[in-house]
file entry-v4.cif (mmCIF, C-alpha atoms)
data_final
loop_
_atom_site.label_atom_id
_atom_site.label_comp_id
_atom_site.auth_asym_id
_atom_site.auth_seq_id
_atom_site.Cartn_x
_atom_site.Cartn_y
_atom_site.Cartn_z
CA MET A 256 8.40 -20.88 7.27
CA ILE A 257 9.48 -20.28 10.86
CA GLU A 258 6.68 -19.29 13.23
CA GLN A 259 7.75 -17.19 16.18
CA ASN A 260 6.31 -16.39 19.56
CA LEU A 261 3.60 -13.81 18.92
CA LYS A 262 3.56 -12.50 22.49
CA GLU A 263 7.27 -11.67 22.33
CA LEU A 264 6.96 -10.02 18.92
CA GLU A 265 3.97 -7.99 20.09
CA GLU A 266 5.73 -6.80 23.24
CA ARG A 267 8.83 -5.77 21.27
CA SER A 268 6.81 -3.86 18.67
CA ILE A 269 4.80 -2.08 21.34
CA PHE A 270 8.07 -1.13 23.09
CA ILE A 271 9.44 0.28 19.81
CA LEU A 272 6.26 2.27 19.13
CA ARG A 273 6.29 3.72 22.67
CA GLU A 274 10.01 4.56 22.40
CA ALA A 275 9.36 6.33 19.10
CA ARG A 276 6.44 8.29 20.52
CA SER A 277 8.48 9.43 23.51
CA LYS A 278 11.68 10.28 21.61
CA PHE A 279 10.25 12.31 18.71
CA LYS A 280 8.13 15.45 18.71
CA ASN A 281 6.22 15.03 15.49
CA ILE A 282 5.72 11.48 14.30
CA ALA A 283 3.57 9.91 11.57
CA ALA A 284 3.03 6.45 10.11
CA LEU A 285 2.80 5.26 6.54
CA TRP A 286 -0.30 3.21 5.79
CA SER A 287 -0.61 1.33 2.50
CA MET A 288 -3.75 -0.54 3.65
CA GLY A 289 -1.75 -3.75 3.34
CA LYS A 290 -1.59 -6.47 6.02
CA ASP A 291 1.66 -5.21 7.60
CA SER A 292 0.83 -1.54 8.03
CA THR A 293 -2.69 -2.41 9.23
CA THR A 294 -1.16 -4.80 11.80
CA MET A 295 1.17 -1.99 12.88
CA LEU A 296 -1.86 0.27 13.45
CA ALA A 297 -3.51 -2.49 15.51
CA LEU A 298 -0.32 -2.69 17.60
CA ALA A 299 -0.34 1.11 18.02
CA ARG A 300 -3.92 0.91 19.28
CA LYS A 301 -2.75 -1.64 21.85
CA ALA A 302 0.26 0.46 22.81
CA PHE A 303 -1.71 3.69 23.26
CA LEU A 304 -4.95 2.64 24.95
CA GLY A 305 -7.10 1.98 21.91
CA LYS A 306 -6.12 5.05 19.89
CA VAL A 307 -3.58 5.65 17.13
CA PRO A 308 -2.01 8.84 18.51
CA PHE A 309 -0.24 9.96 15.33
CA PRO A 310 -1.38 10.80 11.79
CA VAL A 311 -1.31 8.05 9.17
CA ILE A 312 -0.18 8.89 5.63
CA HIS A 313 -1.46 7.24 2.48
CA ILE A 314 0.71 7.95 -0.57
CA ASP A 315 -2.00 7.87 -3.22
CA ASN A 316 -1.01 7.67 -6.87
CA GLY A 317 -4.66 7.43 -7.92
CA ILE A 318 -4.34 3.91 -9.33
CA ASP A 319 -4.65 1.84 -6.17
CA PHE A 320 -7.23 -0.94 -6.17
CA PRO A 321 -10.85 0.18 -5.54
CA GLU A 322 -11.00 -2.37 -2.67
CA THR A 323 -8.01 -0.63 -1.10
CA TYR A 324 -9.77 2.76 -1.14
CA LYS A 325 -12.91 1.20 0.34
CA PHE A 326 -10.91 -0.53 3.07
CA ARG A 327 -9.04 2.74 3.83
CA ASP A 328 -12.24 4.75 4.22
CA GLU A 329 -14.00 2.11 6.34
CA LEU A 330 -11.10 1.58 8.75
CA THR A 331 -10.39 5.32 9.02
CA ARG A 332 -13.96 5.77 10.26
CA LYS A 333 -13.95 2.67 12.51
CA TRP A 334 -10.57 3.34 14.17
CA LYS A 335 -10.95 7.15 14.08
CA LEU A 336 -7.63 7.58 12.28
CA ASN A 337 -6.14 10.96 11.46
CA LEU A 338 -5.57 10.20 7.76
CA ILE A 339 -3.39 12.37 5.52
CA VAL A 340 -3.71 11.54 1.81
CA ALA A 341 -0.57 12.60 -0.05
CA LYS A 342 -1.45 12.65 -3.74
CA SER A 343 1.38 11.69 -6.03
CA GLU A 344 1.16 13.05 -9.54
CA ILE A 345 1.62 10.79 -12.55
CA LYS A 346 4.47 12.28 -14.54
CA PRO A 347 6.10 11.40 -17.85
CA GLU A 348 8.75 8.65 -17.78
CA ILE A 349 7.14 6.76 -14.97
CA SER A 350 7.95 3.13 -15.62
CA GLY A 351 8.63 0.80 -12.65
CA PHE A 352 11.68 2.06 -10.80
CA SER A 353 11.06 5.72 -11.55
CA CYS A 354 7.32 5.34 -10.88
CA CYS A 355 7.92 4.45 -7.23
CA GLY A 356 10.99 6.67 -6.98
CA ALA A 357 9.88 9.84 -8.70
CA ASN A 358 6.19 9.76 -7.88
CA LYS A 359 5.73 8.12 -4.49
CA THR A 360 8.96 9.32 -2.87
CA GLU A 361 8.40 12.87 -4.14
CA ALA A 362 4.89 12.88 -2.65
CA LEU A 363 6.29 11.62 0.65
CA LYS A 364 8.99 14.31 0.69
CA LYS A 365 6.33 16.95 0.12
CA VAL A 366 4.07 15.78 2.95
CA MET A 367 7.02 15.36 5.38
CA LYS A 368 8.11 18.92 4.67
CA GLN A 369 4.58 20.31 4.90
CA TYR A 370 3.85 18.78 8.31
CA LYS A 371 7.48 18.92 9.57
CA PHE A 372 7.49 15.28 10.68
CA ASP A 373 10.76 14.25 12.35
CA ALA A 374 10.05 10.49 12.38
CA LEU A 375 8.11 8.13 10.17
CA ILE A 376 6.83 4.68 11.14
CA VAL A 377 7.18 2.24 8.24
CA SER A 378 5.91 -1.36 8.45
CA ILE A 379 8.65 -3.22 6.60
CA ARG A 380 9.87 -6.69 7.59
CA ARG A 381 13.38 -8.15 7.22
CA ASP A 382 12.09 -11.32 5.55
CA GLU A 383 10.34 -9.42 2.75
CA HIS A 384 13.38 -8.45 0.76
CA GLY A 385 17.18 -8.72 1.05
CA VAL A 386 17.71 -4.98 1.26
CA ARG A 387 15.06 -4.56 3.95
CA ALA A 388 17.05 -7.07 6.00
CA LYS A 389 19.85 -4.49 6.19
CA GLU A 390 17.60 -2.02 8.04
CA ARG A 391 17.85 -0.85 11.64
CA VAL A 392 14.82 -0.40 13.92
CA PHE A 393 15.55 3.36 14.13
CA SER A 394 17.02 4.21 10.75
CA PRO A 395 18.30 7.74 9.99
CA ARG A 396 17.66 9.51 6.66
CA ASP A 397 19.32 12.75 5.55
CA LYS A 398 17.43 15.86 4.41
CA ASN A 399 17.24 14.45 0.87
CA PHE A 400 15.76 11.22 2.26
CA LYS A 401 18.92 9.31 1.39
CA TRP A 402 19.75 6.18 3.37
CA ASN A 403 23.39 5.32 3.87
CA TYR A 404 23.10 1.57 4.39
CA LYS A 405 26.87 1.23 4.67
CA ASP A 406 27.03 3.46 7.74
CA GLN A 407 24.24 2.75 10.21
CA PRO A 408 24.09 3.16 13.99
CA ALA A 409 24.58 0.06 16.13
CA GLU A 410 21.50 -1.08 18.05
CA LEU A 411 22.78 -3.00 21.05
CA TRP A 412 20.53 -4.06 23.91
CA ASP A 413 17.49 -2.30 22.41
CA ASP A 414 19.21 1.07 22.63
CA TYR A 415 17.96 3.03 19.63
CA SER A 416 19.49 6.23 18.35
CA SER A 417 17.02 9.07 17.88
CA LYS A 418 19.67 11.47 16.63
CA ILE A 419 18.56 13.44 13.57
CA GLU A 420 21.38 14.68 11.37
CA ASN A 421 21.32 17.45 8.74
CA GLU A 422 17.59 18.24 8.99
CA GLY A 423 16.72 14.65 8.09
CA HIS A 424 14.31 12.31 9.78
CA VAL A 425 14.31 8.84 11.34
CA ARG A 426 12.43 5.84 9.97
CA ILE A 427 10.95 3.61 12.69
CA HIS A 428 10.47 -0.06 11.85
CA PRO A 429 8.43 -1.80 14.57
CA LEU A 430 7.76 -4.94 12.49
CA LEU A 431 11.31 -5.62 11.35
CA ASP A 432 11.57 -8.98 13.19
CA TRP A 433 8.18 -10.34 12.08
CA ASN A 434 7.72 -12.97 9.35
CA GLU A 435 4.85 -13.08 6.89
CA ILE A 436 3.28 -16.02 8.73
CA ASP A 437 3.59 -14.20 12.09
CA ILE A 438 1.59 -11.33 10.62
CA TRP A 439 -1.19 -13.68 9.52
CA ASN A 440 -1.15 -15.56 12.86
CA TYR A 441 -1.47 -12.21 14.65
CA ILE A 442 -4.27 -11.06 12.32
CA LYS A 443 -6.10 -14.28 13.22
CA LYS A 444 -5.45 -13.95 16.95
CA GLU A 445 -6.46 -10.28 17.17
CA HIS A 446 -9.22 -10.35 14.50
CA ILE A 447 -7.56 -7.50 12.61
CA PRO A 448 -9.50 -6.39 9.52
CA VAL A 449 -7.63 -6.93 6.23
CA ASN A 450 -7.97 -5.86 2.63
CA PRO A 451 -10.27 -8.41 0.87
CA LEU A 452 -7.81 -8.64 -2.05
CA TYR A 453 -5.69 -11.02 0.05
CA PHE A 454 -8.39 -13.67 -0.22
CA SER A 455 -8.79 -15.90 -3.26
CA ARG A 456 -11.42 -15.17 -5.89
CA ASN A 457 -11.62 -17.41 -8.97
CA GLY A 458 -8.40 -19.18 -7.98
CA PHE A 459 -6.23 -16.07 -7.60
CA ARG A 460 -5.26 -13.85 -4.68
CA TYR A 461 -2.89 -10.95 -4.00
CA ARG A 462 -0.13 -11.85 -1.58
CA SER A 463 1.55 -8.44 -1.55
CA LEU A 464 -0.35 -5.29 -2.44
CA GLY A 465 0.82 -2.33 -4.49
CA CYS A 466 -1.01 -0.32 -7.13
CA THR A 467 -3.11 -1.78 -9.95
CA HIS A 468 -0.28 -1.40 -12.46
CA CYS A 469 2.59 -3.04 -10.63
CA THR A 470 0.88 -5.87 -8.73
CA VAL A 471 -0.37 -9.16 -10.09
CA PRO A 472 -2.36 -11.88 -8.30
CA LEU A 473 -0.91 -15.33 -7.71
CA LYS A 474 -2.63 -18.69 -8.05
CA SER A 475 -4.19 -19.62 -4.72
CA ASN A 476 -7.35 -21.08 -3.24
CA ALA A 477 -6.89 -19.48 0.20
CA LYS A 478 -10.28 -17.95 0.94
CA ASN A 479 -9.76 -17.00 4.60
CA VAL A 480 -6.99 -16.33 7.15
CA ASP A 481 -6.75 -20.02 8.16
CA ASP A 482 -6.28 -21.05 4.52
CA ILE A 483 -3.55 -18.42 4.07
CA ILE A 484 -1.65 -19.66 7.14
CA LYS A 485 -1.92 -23.21 5.85
CA GLU A 486 -0.73 -22.14 2.40
CA LEU A 487 2.27 -20.24 3.80
CA LYS A 488 3.48 -23.30 5.69
CA THR A 489 4.10 -25.17 2.44
CA THR A 490 4.60 -22.53 -0.25
CA THR A 491 7.87 -22.12 -2.16
CA VAL A 492 6.71 -18.93 -3.88
CA GLU A 493 8.27 -15.65 -2.72
CA GLU A 494 5.96 -13.15 -1.04
CA ARG A 495 6.73 -10.28 -3.42
CA SER A 496 6.74 -12.36 -6.61
CA GLY A 497 3.63 -10.50 -7.74
CA ARG A 498 5.37 -7.10 -7.49
CA GLU A 499 6.83 -5.87 -10.78
CA GLN A 500 9.30 -3.40 -9.23
CA ASP A 501 11.18 -6.26 -7.58
CA LYS A 502 11.73 -7.99 -10.92
CA GLU A 503 12.87 -4.97 -12.91
CA LYS A 504 16.62 -4.86 -12.41
CA GLU A 505 19.16 -6.23 -10.02
CA TYR A 506 19.39 -4.21 -6.80
CA VAL A 507 16.47 -2.01 -7.88
CA MET A 508 14.92 -2.17 -4.39
CA GLN A 509 18.25 -1.22 -2.82
CA LYS A 510 18.49 1.79 -5.15
CA LEU A 511 14.87 2.79 -4.43
CA ARG A 512 15.31 2.57 -0.67
CA ALA A 513 18.62 4.44 -0.73
CA LEU A 514 16.77 7.29 -2.48
CA GLY A 515 14.02 7.42 0.12
CA TYR A 516 11.44 4.82 -0.99
CA MET A 517 9.52 2.89 1.64
CA MET B 48 -31.09 -4.01 -13.17
CA LYS B 49 -30.73 -1.71 -16.16
CA ASN B 50 -27.26 -0.62 -17.16
CA ASP B 51 -28.22 1.89 -19.88
CA GLU B 52 -27.29 4.92 -17.79
CA ILE B 53 -23.85 3.63 -16.80
CA ILE B 54 -23.08 2.66 -20.42
CA LYS B 55 -24.01 6.19 -21.53
CA ILE B 56 -21.77 7.76 -18.88
CA ALA B 57 -18.92 5.35 -19.71
CA ASP B 58 -19.11 6.56 -23.32
CA MET B 59 -18.92 10.16 -22.09
CA LEU B 60 -15.90 9.25 -19.94
CA GLN B 61 -14.08 7.74 -22.90
CA LYS B 62 -14.40 11.08 -24.70
CA GLU B 63 -13.96 13.37 -21.71
CA PRO B 64 -12.57 11.81 -18.51
CA ASN B 65 -13.06 14.96 -16.45
CA GLU B 66 -14.11 15.22 -12.81
CA THR B 67 -17.77 16.05 -13.60
CA ASN B 68 -18.19 12.90 -15.67
CA TRP B 69 -16.42 10.77 -13.06
CA GLU B 70 -18.75 12.09 -10.35
CA LYS B 71 -21.75 11.20 -12.51
CA PHE B 72 -20.25 7.75 -13.03
CA ALA B 73 -19.77 7.16 -9.29
CA LYS B 74 -23.44 7.98 -8.63
CA ALA B 75 -24.73 5.82 -11.48
CA LEU B 76 -22.48 2.91 -10.47
CA LYS B 77 -24.31 2.50 -7.15
CA LYS B 78 -27.63 2.08 -8.97
CA SER B 79 -26.23 -0.20 -11.68
CA GLY B 80 -25.94 -3.98 -11.74
CA ILE B 81 -22.14 -3.87 -12.12
CA LYS B 82 -20.32 -6.03 -9.58
CA TYR B 83 -16.83 -6.86 -10.89
CA TYR B 84 -13.96 -5.05 -12.61
CA ARG B 85 -10.77 -6.05 -14.39
CA ILE B 86 -7.92 -3.63 -15.14
CA VAL B 87 -6.38 -3.92 -18.58
CA TYR B 88 -3.17 -1.96 -18.87
CA VAL B 89 -0.21 -1.38 -21.08
CA SER B 90 3.21 -1.06 -19.43
CA LEU B 91 3.81 2.28 -17.78
CA LYS B 92 6.62 3.59 -19.93
CA ASN B 93 5.23 7.12 -19.93
CA ALA B 94 2.20 9.05 -18.71
CA GLU B 95 0.31 8.45 -21.96
CA ASP B 96 0.31 4.69 -21.24
CA LEU B 97 -2.06 5.34 -18.37
CA THR B 98 -4.47 7.02 -20.76
CA ARG B 99 -4.58 3.81 -22.82
CA SER B 100 -5.29 1.57 -19.81
CA TYR B 101 -8.93 0.82 -19.00
CA ALA B 102 -11.20 -1.15 -16.70
CA GLU B 103 -13.70 -3.69 -17.94
CA LEU B 104 -16.89 -3.75 -15.88
CA PHE B 105 -18.95 -6.90 -15.45
CA ASP B 106 -22.38 -7.67 -13.98
CA ALA B 107 -23.10 -10.29 -11.29
CA LYS B 108 -23.26 -13.03 -13.92
CA GLY B 109 -19.82 -12.11 -15.22
CA LYS B 110 -21.13 -10.51 -18.46
CA LEU B 111 -19.10 -7.57 -19.79
CA VAL B 112 -21.24 -4.42 -19.50
CA THR B 113 -18.89 -1.62 -20.51
CA LYS B 114 -15.34 -0.25 -20.37
CA VAL B 115 -14.06 2.92 -18.70
CA PRO B 116 -10.71 4.68 -18.72
CA ILE B 117 -8.87 4.66 -15.36
CA PHE B 118 -7.56 8.19 -15.42
CA LYS B 119 -8.86 11.68 -14.88
CA ARG B 120 -7.79 14.63 -16.97
CA GLY B 121 -7.21 17.67 -14.80
CA LYS B 122 -6.52 21.27 -15.73
CA GLY B 123 -4.16 21.59 -18.65
CA LYS B 124 -2.62 18.23 -19.42
CA LYS B 125 -2.51 16.95 -15.85
CA VAL B 126 -3.23 13.21 -15.69
CA GLU B 127 -4.43 11.58 -12.46
CA GLY B 128 -5.40 7.99 -11.67
CA ALA B 129 -9.13 7.44 -11.15
CA THR B 130 -9.56 3.91 -9.80
CA ILE B 131 -11.14 5.39 -6.63
CA TYR B 132 -14.32 5.89 -8.67
CA LEU B 133 -14.65 2.11 -9.02
CA LYS B 134 -14.98 1.77 -5.24
CA GLY B 135 -17.44 -0.94 -4.27
CA LEU B 136 -16.58 -3.27 -7.15
CA LEU B 137 -14.69 -6.55 -6.80
CA ASN B 138 -11.47 -7.42 -8.62
CA ILE B 139 -11.36 -10.36 -11.02
CA ASN B 140 -7.89 -9.75 -12.49
CA LYS B 141 -6.08 -12.87 -13.71
CA TRP B 142 -2.69 -13.23 -15.26
#

call {"tool": "encode", "arguments": {"input": "entry-v4.cif", "output": "C-alpha cells"}}
result
Amino acid sequence: MIEQNLKELEERSIFILREARSKFKNIAALWSMGKDSTTMLALARKAFLGKVPFPVIHIDNGIDFPETYKFRDELTRKWKLNLIVAKSEIKPEISGFSCCGANKTEALKKVMKQYKFDALIVSIRRDEHGVRAKERVFSPRDKNFKWNYKDQPAELWDDYSSKIENEGHVRIHPLLDWNEIDIWNYIKKEHIPVNPLYFSRNGFRYRSLGCTHCTVPLKSNAKNVDDIIKELKTTTVEERSGREQDKEKEYVMQKLRALGYM
Amino acid sequence: MKNDEIIKIADMLQKEPNETNWEKFAKALKKSGIKYYRIVYVSLKNAEDLTRSYAELFDAKGKLVTKVPIFKRGKGKKVEGATIYLKGLLNINKW
C-alpha cells in the first residue's frame, strides 16, 4: 500500500475545508464515528482553531454498534460538537441495497431539508471503492440527491465549483486523495481517538464500520494503531470486504451513490 | 455480581420491547456483571427480520447470562433498532 506525505495531504484537506466554509452559507458534515470521518473532524479542528464550526450529522438507524454510540457521545462532549442525530426508520423491504438507499438516504434528505444545508462534507476516499474514485472534491447533487457521474465539473488547479443547480446541494470530499494507511498514520501522528471496534478482540477486528447487520469482523491480531499500520503494509484483503452492501450485486455502490447515498 | 434483575428484565423485553422496559434494562445493565455482547441476526429481508434478531449477553468470564431483542416497538407497529441500550458492553462477534 502506497504511503503518502501526510503534511501535504493535511494541508490540502485543510484548504478544501476552508474553501467549503467560505463558499457555502450553511454547511454540515456527516459523521459515522468511523476512522475517516473522525479524522476529517480532527482536520476541521486544525483548520478552524480547535473548533468544528459546523454541525455534524449522524444518520442513526438504531442498529449501530453499542461501542459506536459510546464513542459518539464521548467525543461529542470532548470536542464540543454540534451533533444532529437523524433517525432513520426501519421500514418493510429493507434488505441490503434498499436498507442503505431507502432508510439512510431518506433520513439524510429529511435532515438536509429541515436545516436547509447547501453543502455536506463527506469523508469518502478514492481508494475505498471504484465508484468513489469517480468523485470530484466538490460534487454537485440535484434536488433529489441524484449524482450524475457522467457529467461532472472539471477541477483544474484546485479550482472548485460551488455552483448549486436546481435547489440541490454540493458534497465536499476533503479526504478523497487519502489512502487507508495514510488515515492510520495520521491517527497515530495526531493521537486521534478511534472507535475501539477497529482493534482486535479474540482474533477479530472491524476494518470498515457500518451497522451491526451489514458489517462483519475480519481475522486480525492488530491490537493497536501500530499493529494496524503493520498489517496494512502486507494485507491482500480489501478494506470493505466486511461490508455486505458491497457484495450484494454488481455496481450496487454506484447505484446507491447515484441515488444520494454517502 | 448478581444477574437476577437483568435476567428478569430481559424476559420482560422479550415479551414487550417497549421504551419503558428498555430504560429499566439500561439502568440494570450498569449494576450487572455483563461485559460482552454478540449480535445474532437473520438476513434483513423485511422489517420482521429485525424482530427475530437478538443479542446474547455474557459475563466477564464469557458465560452466557441472557438474551435480549435488539429492537424497540414504538406506537402502532413502528419498529426501531435498540442497540444503543447495550452501550458500555464489548463486542465479541465472530464469523

call {"tool": "resolve_selection", "arguments": {"input": "entry-v4.cif", "expression": "the PyMOL selection byres ((chain B and resi 108-119) around 8)", "output": "PyMOL selection string"}}
result
(chain A and resi 318) or (chain B and resi 50+54+57-58+60-61+64-66+69+81+83+97-107+120-121+126-130)

call {"tool": "closest_residue", "arguments": {"input": "entry-v4.cif", "among": "A:Trp412, A:Phe459, A:Phe309, A:Phe372", "to": "His424 of chain A", "atoms": "all atoms listed in the file"}}
result
A:Phe372

call {"tool": "closest_residue", "arguments": {"input": "entry-v4.cif", "among": "A:Asn479, A:Asn403, A:Ser455, A:Thr293", "to": "chain B", "atoms": "all atoms listed in the file"}}
result
A:Ser455

call {"tool": "resolve_selection", "arguments": {"input": "entry-v4.cif", "expression": "the PyMOL selection byres ((chain A and resi 322) around 8)", "output": "list in words"}}
result
Phe320, Pro321, Thr323, Tyr324, Lys325, Phe326, Asn450, Pro451 and Leu452 of chain A; Lys134, Gly135, Leu136, Leu137 and Asn138 of chain B

call {"tool": "closest_residue", "arguments": {"input": "entry-v4.cif", "among": "B:Lys62, B:Lys122, B:Ile86, B:Leu76", "to": "chain A", "atoms": "all atoms listed in the file"}}
result
B:Ile86

call {"tool": "atom_distance", "arguments": {"input": "entry-v4.cif", "atom1": "atom CA of Asp373 of chain A", "atom2": "atom CA of Ile282 of chain A"}}
result
6.1 Å

call {"tool": "resolve_selection", "arguments": {"input": "entry-v4.cif", "expression": "the PyMOL selection byres ((chain A and resi 425) around 7)", "output": "VMD selection string"}}
result
chain A and resid 373 to 375 393 to 396 419 424 426 to 427

call {"tool": "closest_residue", "arguments": {"input": "entry-v4.cif", "among": "A:Ile312, A:Val386, A:Val392, A:Val449", "to": "Tyr370 of chain A", "atoms": "all atoms listed in the file"}}
result
A:Ile312

call {"tool": "closest_residue", "arguments": {"input": "entry-v4.cif", "among": "B:Tyr84, B:Gly123, B:Asp51, B:Ser79", "to": "chain A", "atoms": "only C-alpha atoms"}}
result
B:Tyr84

call {"tool": "atom_distance", "arguments": {"input": "entry-v4.cif", "atom1": "atom CA of Glu344 of chain A", "atom2": "atom CA of Arg85 of chain B"}}
result
23.0 Å

call {"tool": "atom_distance", "arguments": {"input": "entry-v4.cif", "atom1": "atom CA of Leu133 of chain B", "atom2": "atom CA of Ala284 of chain A"}}
result
26.4 Å

call {"tool": "closest_residue", "arguments": {"input": "entry-v4.cif", "among": "A:Asp315, A:Glu266, A:Lys478, A:Thr489", "to": "chain B", "atoms": "all atoms listed in the file"}}
result
A:Asp315
